[in-house]
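Engineer: Next up is a structure, given as C-alpha cells.
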Amino acid sequence: MRVGSFVLAARFPGQGDGEALHRAVRSAEVAEEAGLDSVWLAEHHFVPYGTCPSAITLAAMLLGRTSRLRVGTAVSVLPTAHPVALGEQAALLHIASGGRFSLGVGRGGPWVDLEVFGQGLKAYEKGFPESLDLLMRWLREPSVAAAGERFGFREVAVVPRPSECLTDVEGPEVVVACTSPRSVRLAAERGLPMLLGMHVGDEEKAEMVALWREHARAAGRPVDEIRGAAHVSAGVCQIADRRTDAVETLTKAMPGWLRQGLDAHVTVDGRRRSMRDPLAYTELLCGLHPVGTPRLCADRLAATSERTGISRFALLVEGSGDLAATEENVRRLGTEVLPHLG
C-alpha cells in the first residue's frame with residue numbers, strides 16, 4: 001500500500017494566498033520527512049478553494065526540494081492547456097527527476113477558465129478525448145503530427161523524449177481523474193489508471209474499478225496491465241488521540257473554506273449549479289475516510305483497499321487550515337499510521 005498526501009493549497013477564511021501556498025509547500029516537505037510515498041497537487045483558477053493555478057509548476061519546485069518523494073498533479077486540467085505543451089513539461093520533469101513525476105489529468109468543469117484561456121465550452125464538452133490522445137502520443141512516440149478537430153500541425157520531433165530518462169522507466173505515469181462511467185471507459189480503453197474523488201465511498205469506487213476492468217478487457221488491454229493498474233483513491237485524513245477531536249477539527253475549519261471556495265466558481269455559460277451544504281459535506285467526508293485515531297485511520301485505509309482493490313491513496317491533510325496542525329497531521333500519518341499498514 002502506498003500512501004501520499006493530496007494538496008489543494010486551500011485558502012481558509014481570513015488567510016492570504018501566500019499563507020495557503022506556504023502551507024502547501026511545507027506539507028509536501030514534511031511528507032518526505034515522514035516517509036509518505038507521494039504528494040498530489042491540485043490545480044484551480046480564480047477561486048480560493050485552491051490557490052495553485054499550475055500544478056505542474058508547483059510539482060517542479062517540489063521535485064527540486066525533495067529526493068525520494070513521488071510528485072504528481074491531481075490534476076492538470078486538459079481543456080485549458082495545450083496537450084503538447086503539457087507533454088513537454090511532463091517529459092522534462094520525468095527526466096530531470098529521475099522518474100519521480102506522475103501526470104494526473106482531468107476534464108475539469110464548465111468554469112469561466114475556458115473563456116479566460118480562450119478554449120471555449122466545446123473543449124470541455126467534447127475535446128477531452130482528442131487532447132488526451134495527443135498527450136499520450138507525445139509521451140510515447142519520437143515524433144508527432146496532428147489533424148484533429150482542435151489540433152492540427154505538421155510532424156515535429158519530441159524533444160526531450162521521455163524514454164531518454166536515465167532510469168528503467170520509459171515515460172511519466174499518466175493518471176486520469178474519473179467521475180463518470182464515460183471517463184472510466186475513456187481511461188480503461190487506453191490502459192490508464194484512475195484517480196477517484198474523495199466525494200465517493202468504497203462501494204462506488206469498487207464499482208468504478210470493476211467497470212474499468214470490464215472496459216479494459218473489452219478493449220483488448222493486456223491481462224497484466226489490467227491486474228496491475230495502480231488506481232489512486234483520494235480522501236481526507238485527520239489524526240487525533242480521539243475520533244471526536246479529529247472530527248471537531250475538520251467540522252470547525254472545513255465548512256468555512258468549502259463555503260467560500262465552492263461559491264466562488266463561475267460557470268462559463270451561466271448555467272445554474274447546485275452547491276453542497278458545507279457542513280454536511282464535511283461530515284460525509286469524516287464518515288468516508290480515515291479521520292480519528294491512528295489505529296482507526298490504518299484500519300479504514302486497509303478496509304478501503306480490500307473493498308476496492310485500490311492500493312494507492314492521496315489524502316487531504318490540510319483540513320485544519322493551520323500550518324502547525326497540518327505538519328503534525330502529516331508526521332502522525334507517517335509515523336503512527338503507516339507502520340500499521342506494512
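Residues in the C-alpha cells are named by chain (A, B, ... in the order shown) and by number from 1 within that chain; ligands are numbered from 1 in the order shown.
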Please provide the set of residues having any atom within 9 Å of segment 187-190 of chain A, restricted to only C-alpha atoms, with same-chain residues fewer than 4 positions apart removed, written as an MDAnalysis selection string.
Structural biologist: chainID A and resid 133 175:178 182:183 194 211:221 226
Engineer: Please identify all polymer residues within 6 Å of segment 293-307 of chain A, counting only C-alpha atoms, omitting same-chain residues fewer than 3 positions from it, and present them as JSON, numbers by chain.
Structural biologist: {"A": [202, 239, 240, 241, 242, 243, 290, 310, 311, 336, 337]}
Engineer: Go ahead and write the selection's residues with N, CA, C and O atoms as a PDB file, in the first residue's frame.
Structural biologist:
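Full text of selection07.pdb as output:
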```pdb
ATOM      1  N   ASP A 202     -16.403   3.711  -0.630  1.00  0.00           N
ATOM      2  CA  ASP A 202     -15.802   2.463  -1.085  1.00  0.00           C
ATOM      3  C   ASP A 202     -16.672   1.731  -2.103  1.00  0.00           C
ATOM      4  O   ASP A 202     -16.163   1.194  -3.095  1.00  0.00           O
ATOM      5  N   ILE A 239      -5.834  13.095  12.020  1.00  0.00           N
ATOM      6  CA  ILE A 239      -5.460  12.176  13.083  1.00  0.00           C
ATOM      7  C   ILE A 239      -5.493  12.892  14.433  1.00  0.00           C
ATOM      8  O   ILE A 239      -5.034  14.024  14.566  1.00  0.00           O
ATOM      9  N   ALA A 240      -6.058  12.221  15.432  1.00  0.00           N
ATOM     10  CA  ALA A 240      -6.095  12.745  16.799  1.00  0.00           C
ATOM     11  C   ALA A 240      -6.122  11.556  17.753  1.00  0.00           C
ATOM     12  O   ALA A 240      -6.320  10.405  17.341  1.00  0.00           O
ATOM     13  N   ASP A 241      -5.937  11.828  19.025  1.00  0.00           N
ATOM     14  CA  ASP A 241      -5.963  10.754  20.015  1.00  0.00           C
ATOM     15  C   ASP A 241      -7.376  10.219  20.232  1.00  0.00           C
ATOM     16  O   ASP A 241      -7.557   9.096  20.707  1.00  0.00           O
ATOM     17  N   ARG A 242      -8.376  11.033  19.896  1.00  0.00           N
ATOM     18  CA  ARG A 242      -9.773  10.594  19.946  1.00  0.00           C
ATOM     19  C   ARG A 242     -10.448  10.970  18.628  1.00  0.00           C
ATOM     20  O   ARG A 242     -10.188  12.039  18.081  1.00  0.00           O
ATOM     21  N   ARG A 243     -11.330  10.100  18.142  1.00  0.00           N
ATOM     22  CA  ARG A 243     -12.006  10.389  16.880  1.00  0.00           C
ATOM     23  C   ARG A 243     -12.823  11.677  16.975  1.00  0.00           C
ATOM     24  O   ARG A 243     -12.851  12.465  16.027  1.00  0.00           O
ATOM     25  N   PRO A 290     -10.247   8.151   6.541  1.00  0.00           N
ATOM     26  CA  PRO A 290      -9.506   7.951   7.790  1.00  0.00           C
ATOM     27  C   PRO A 290      -9.438   9.220   8.635  1.00  0.00           C
ATOM     28  O   PRO A 290      -8.533  10.046   8.494  1.00  0.00           O
ATOM     29  N   ILE A 310      -7.931  -0.965  -4.538  1.00  0.00           N
ATOM     30  CA  ILE A 310      -7.036   0.179  -4.733  1.00  0.00           C
ATOM     31  C   ILE A 310      -5.963   0.173  -3.653  1.00  0.00           C
ATOM     32  O   ILE A 310      -6.254  -0.002  -2.475  1.00  0.00           O
ATOM     33  N   SER A 311      -4.722   0.393  -4.075  1.00  0.00           N
ATOM     34  CA  SER A 311      -3.619   0.321  -3.120  1.00  0.00           C
ATOM     35  C   SER A 311      -2.861   1.640  -2.980  1.00  0.00           C
ATOM     36  O   SER A 311      -1.871   1.716  -2.270  1.00  0.00           O
ATOM     37  N   GLU A 336       2.705   7.062  12.752  1.00  0.00           N
ATOM     38  CA  GLU A 336       1.769   6.312  13.586  1.00  0.00           C
ATOM     39  C   GLU A 336       0.752   5.499  12.794  1.00  0.00           C
ATOM     40  O   GLU A 336       0.177   4.550  13.333  1.00  0.00           O
ATOM     41  N   VAL A 337       0.526   5.857  11.527  1.00  0.00           N
ATOM     42  CA  VAL A 337      -0.452   5.112  10.718  1.00  0.00           C
ATOM     43  C   VAL A 337       0.245   4.144   9.774  1.00  0.00           C
ATOM     44  O   VAL A 337      -0.114   2.953   9.708  1.00  0.00           O
TER      45      VAL A 337
END
```
Engineer: Got a sec to tell me which of segment 39-92 of chain A DSSP assigns to alpha helix (DSSP H), as a list of chain:residue names?
Structural biologist: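 Across segment 39-92 of chain A, those assigned alpha helix (DSSP H) are A:Ala55, A:Ile56, A:Thr57, A:Leu58, A:Ala59, A:Ala60, A:Met61, A:Leu62, A:Leu63, A:Gly64, A:Arg65, A:Pro83, A:Val84, A:Ala85, A:Leu86, A:Gly87, A:Glu88, A:Gln89, A:Ala90, A:Ala91, A:Leu92.
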Engineer: Can you pull out every residue within 12 Å of segment 148-153 of chain A, counting only C-alpha atoms, but drop anything in the same chain fewer than 3 positions away, and send it as a list of chain:residue names?
Structural biologist: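 The residues satisfying every condition are A:Pro79, A:Ala81, A:His82, A:Pro83, A:Val84, A:Gln119, A:Gly120, A:Lys122, A:Ala123, A:Tyr124, A:Lys126, A:Gly127, A:Phe128, A:Pro129, A:Glu130, A:Ser131, A:Leu132, A:Asp133, A:Leu134, A:Leu135, A:Ser143, A:Val144, A:Ala145, A:Val156, A:Ala157.
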Engineer: What gap, in Å, lies between atom CA of Ser27 of chain A and atom CA of Asp277 of chain A?
Structural biologist: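 One can read the atom CA of Ser27 of chain A to atom CA of Asp277 of chain A distance as 27.4 Å.
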Engineer: Looking only at the backbone, which of the residues in segment 104-246 of chain A does DSSP tag as strand (DSSP E or B), as a PDB file with N, CA and C atoms, in the first residue's frame?
Structural biologist:
```
ATOM      1  N   GLY A 104      -1.231  13.610 -13.535  1.00  0.00           N
ATOM      2  CA  GLY A 104      -2.663  13.379 -13.438  1.00  0.00           C
ATOM      3  C   GLY A 104      -3.376  14.407 -14.292  1.00  0.00           C
ATOM      4  N   VAL A 105      -4.315  13.970 -15.106  1.00  0.00           N
ATOM      5  CA  VAL A 105      -5.059  14.892 -15.968  1.00  0.00           C
ATOM      6  C   VAL A 105      -6.555  14.691 -15.748  1.00  0.00           C
ATOM      7  N   GLY A 106      -7.308  15.741 -16.033  1.00  0.00           N
ATOM      8  CA  GLY A 106      -8.752  15.662 -15.872  1.00  0.00           C
ATOM      9  C   GLY A 106      -9.458  16.632 -16.782  1.00  0.00           C
ATOM     10  N   TRP A 111     -16.179  25.910 -16.201  1.00  0.00           N
ATOM     11  CA  TRP A 111     -15.939  27.166 -15.493  1.00  0.00           C
ATOM     12  C   TRP A 111     -15.488  28.271 -16.435  1.00  0.00           C
ATOM     13  N   SER A 143       8.104  11.286 -32.804  1.00  0.00           N
ATOM     14  CA  SER A 143       7.649  12.490 -33.487  1.00  0.00           C
ATOM     15  C   SER A 143       6.135  12.426 -33.621  1.00  0.00           C
ATOM     16  N   VAL A 144       5.507  13.590 -33.709  1.00  0.00           N
ATOM     17  CA  VAL A 144       4.056  13.645 -33.676  1.00  0.00           C
ATOM     18  C   VAL A 144       3.535  14.690 -34.657  1.00  0.00           C
ATOM     19  N   ALA A 145       2.461  14.349 -35.364  1.00  0.00           N
ATOM     20  CA  ALA A 145       1.674  15.293 -36.153  1.00  0.00           C
ATOM     21  C   ALA A 145       0.229  15.182 -35.699  1.00  0.00           C
ATOM     22  N   ALA A 146      -0.590  16.175 -36.009  1.00  0.00           N
ATOM     23  CA  ALA A 146      -1.983  16.146 -35.579  1.00  0.00           C
ATOM     24  C   ALA A 146      -2.882  16.685 -36.683  1.00  0.00           C
ATOM     25  N   ALA A 147      -4.057  16.062 -36.809  1.00  0.00           N
ATOM     26  CA  ALA A 147      -5.056  16.505 -37.783  1.00  0.00           C
ATOM     27  C   ALA A 147      -6.437  16.259 -37.196  1.00  0.00           C
ATOM     28  N   GLY A 152      -4.153  20.764 -35.089  1.00  0.00           N
ATOM     29  CA  GLY A 152      -3.617  20.354 -36.367  1.00  0.00           C
ATOM     30  C   GLY A 152      -2.266  20.996 -36.598  1.00  0.00           C
ATOM     31  N   PHE A 153      -1.247  20.174 -36.833  1.00  0.00           N
ATOM     32  CA  PHE A 153       0.086  20.707 -37.109  1.00  0.00           C
ATOM     33  C   PHE A 153       0.919  19.631 -37.809  1.00  0.00           C
ATOM     34  N   ARG A 154       1.962  20.104 -38.503  1.00  0.00           N
ATOM     35  CA  ARG A 154       2.854  19.194 -39.223  1.00  0.00           C
ATOM     36  C   ARG A 154       3.656  18.355 -38.232  1.00  0.00           C
ATOM     37  N   GLU A 155       4.312  17.315 -38.725  1.00  0.00           N
ATOM     38  CA  GLU A 155       5.089  16.430 -37.859  1.00  0.00           C
ATOM     39  C   GLU A 155       6.289  17.163 -37.270  1.00  0.00           C
ATOM     40  N   VAL A 156       6.436  17.032 -35.970  1.00  0.00           N
ATOM     41  CA  VAL A 156       7.558  17.645 -35.255  1.00  0.00           C
ATOM     42  C   VAL A 156       8.196  16.605 -34.342  1.00  0.00           C
ATOM     43  N   ALA A 157       9.457  16.825 -34.025  1.00  0.00           N
ATOM     44  CA  ALA A 157      10.180  15.902 -33.148  1.00  0.00           C
ATOM     45  C   ALA A 157       9.814  16.141 -31.695  1.00  0.00           C
ATOM     46  N   GLU A 173       4.240   8.406 -15.575  1.00  0.00           N
ATOM     47  CA  GLU A 173       2.938   7.806 -15.357  1.00  0.00           C
ATOM     48  C   GLU A 173       1.854   8.839 -15.658  1.00  0.00           C
ATOM     49  N   VAL A 174       0.762   8.398 -16.295  1.00  0.00           N
ATOM     50  CA  VAL A 174      -0.382   9.263 -16.551  1.00  0.00           C
ATOM     51  C   VAL A 174      -1.603   8.646 -15.880  1.00  0.00           C
ATOM     52  N   VAL A 175      -2.290   9.454 -15.074  1.00  0.00           N
ATOM     53  CA  VAL A 175      -3.473   9.033 -14.336  1.00  0.00           C
ATOM     54  C   VAL A 175      -4.619   9.944 -14.755  1.00  0.00           C
ATOM     55  N   VAL A 176      -5.817   9.378 -14.899  1.00  0.00           N
ATOM     56  CA  VAL A 176      -6.973  10.147 -15.356  1.00  0.00           C
ATOM     57  C   VAL A 176      -7.997  10.265 -14.233  1.00  0.00           C
ATOM     58  N   ALA A 177      -8.389  11.495 -13.908  1.00  0.00           N
ATOM     59  CA  ALA A 177      -9.457  11.705 -12.931  1.00  0.00           C
ATOM     60  C   ALA A 177     -10.774  11.248 -13.532  1.00  0.00           C
ATOM     61  N   CYS A 178     -11.476  10.371 -12.829  1.00  0.00           N
ATOM     62  CA  CYS A 178     -12.720   9.793 -13.344  1.00  0.00           C
ATOM     63  C   CYS A 178     -13.864  10.053 -12.369  1.00  0.00           C
ATOM     64  N   MET A 194      -6.947   5.217 -12.839  1.00  0.00           N
ATOM     65  CA  MET A 194      -7.879   6.272 -12.460  1.00  0.00           C
ATOM     66  C   MET A 194      -7.479   6.955 -11.159  1.00  0.00           C
ATOM     67  N   LEU A 195      -7.833   8.226 -11.052  1.00  0.00           N
ATOM     68  CA  LEU A 195      -7.847   8.946  -9.786  1.00  0.00           C
ATOM     69  C   LEU A 195      -9.309   9.144  -9.427  1.00  0.00           C
ATOM     70  N   LEU A 196      -9.737   8.582  -8.296  1.00  0.00           N
ATOM     71  CA  LEU A 196     -11.141   8.622  -7.890  1.00  0.00           C
ATOM     72  C   LEU A 196     -11.310   9.604  -6.734  1.00  0.00           C
ATOM     73  N   VAL A 232      -5.751   5.362  -7.934  1.00  0.00           N
ATOM     74  CA  VAL A 232      -5.496   6.209  -6.768  1.00  0.00           C
ATOM     75  C   VAL A 232      -6.829   6.645  -6.167  1.00  0.00           C
ATOM     76  N   SER A 233      -6.964   6.493  -4.866  1.00  0.00           N
ATOM     77  CA  SER A 233      -8.168   6.906  -4.157  1.00  0.00           C
ATOM     78  C   SER A 233      -7.878   8.175  -3.368  1.00  0.00           C
ATOM     79  N   ALA A 234      -8.608   9.250  -3.679  1.00  0.00           N
ATOM     80  CA  ALA A 234      -8.466  10.489  -2.922  1.00  0.00           C
ATOM     81  C   ALA A 234      -9.364  10.444  -1.694  1.00  0.00           C
ATOM     82  N   GLY A 235      -8.900  11.066  -0.625  1.00  0.00           N
ATOM     83  CA  GLY A 235      -9.675  11.076   0.606  1.00  0.00           C
ATOM     84  C   GLY A 235      -9.217  12.183   1.526  1.00  0.00           C
ATOM     85  N   VAL A 236      -9.712  12.153   2.742  1.00  0.00           N
ATOM     86  CA  VAL A 236      -9.353  13.112   3.780  1.00  0.00           C
ATOM     87  C   VAL A 236      -8.759  12.340   4.945  1.00  0.00           C
ATOM     88  N   GLN A 238      -7.428  13.027   9.003  1.00  0.00           N
ATOM     89  CA  GLN A 238      -7.167  13.878  10.166  1.00  0.00           C
ATOM     90  C   GLN A 238      -6.969  12.964  11.367  1.00  0.00           C
ATOM     91  N   ILE A 239      -5.834  13.095  12.020  1.00  0.00           N
ATOM     92  CA  ILE A 239      -5.460  12.176  13.083  1.00  0.00           C
ATOM     93  C   ILE A 239      -5.493  12.892  14.433  1.00  0.00           C
TER      94      ILE A 239
END
```
Engineer: Return the single residue from A:Gly64, A:Pro172, A:Gly98, A:Pro278 that is closest to Trp257 of chain A, with distances computed using only C-alpha atoms.
Structural biologist: A:Pro278
Engineer: In Å, how far is it from atom CA of Leu36 of chain A to atom CA of Arg70 of chain A?
Structural biologist: 9.2 Å
Engineer: Report as a tab-separated table the residues of segment 90-139 of chain A within 9 Å of segment 39-56 of chain A, each with its shortest atom pair and distance in Å (one decimal), using only C-alpha atoms, ordered by chain and increasing residue number.
Structural biologist:
```
residue	atom	partner	partner_atom	distance
A:Ala90	CA	A:Ile56	CA	7.7
A:Leu93	CA	A:Ile56	CA	8.7
A:Ser102	CA	A:Trp40	CA	8.6
A:Leu103	CA	A:Ile56	CA	8.1
A:Gly104	CA	A:Trp40	CA	8.5
A:Val112	CA	A:Phe46	CA	8.9
A:Asp113	CA	A:His45	CA	6.7
```
Engineer: Kindly indicate which residue among A:Gly109, A:Val223, A:Trp138, A:Arg100 lies nearest to Asp168 of chain A, using only C-alpha atoms for the distances.
Structural biologist: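 Between A:Gly109, A:Val223, A:Trp138, A:Arg100, the residue approaching Asp168 of chain A most closely is A:Arg100.
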Engineer: As an exercise, work out the distance from atom CA of Thr335 of chain A to atom CA of Ala20 of chain A in Å and give it to one decimal place.
Structural biologist: 24.6 Å
Engineer: Could you list, as a list in words, every residue within 9 Å of Ser38 of chain A, counting only C-alpha atoms and ignoring same-chain residues fewer than 6 positions away?
Structural biologist: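 Non-adjacent residues within range: Arg2, Val3, Gly4, Ser5, Phe6, Ala28, Ala31, Glu32, Arg68, Leu69, Arg70, Val71, Gly72, Phe313 and Ala314 of chain A.
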Engineer: Determine the nearest neighbour of Glu225 of chain A from the options A:Gly201, A:Gly118, A:Gly319, A:Gly191, counting only C-alpha atoms.
Structural biologist: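 Nearest to Glu225 of chain A: A:Gly191.
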Engineer: So, counting only C-alpha atoms, which residue among A:Met208, A:Ile95, A:Ala10, A:Val77 is closest to Ala60 of chain A?
Structural biologist: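 Closest residue, counting only C-alpha atoms: A:Ile95.
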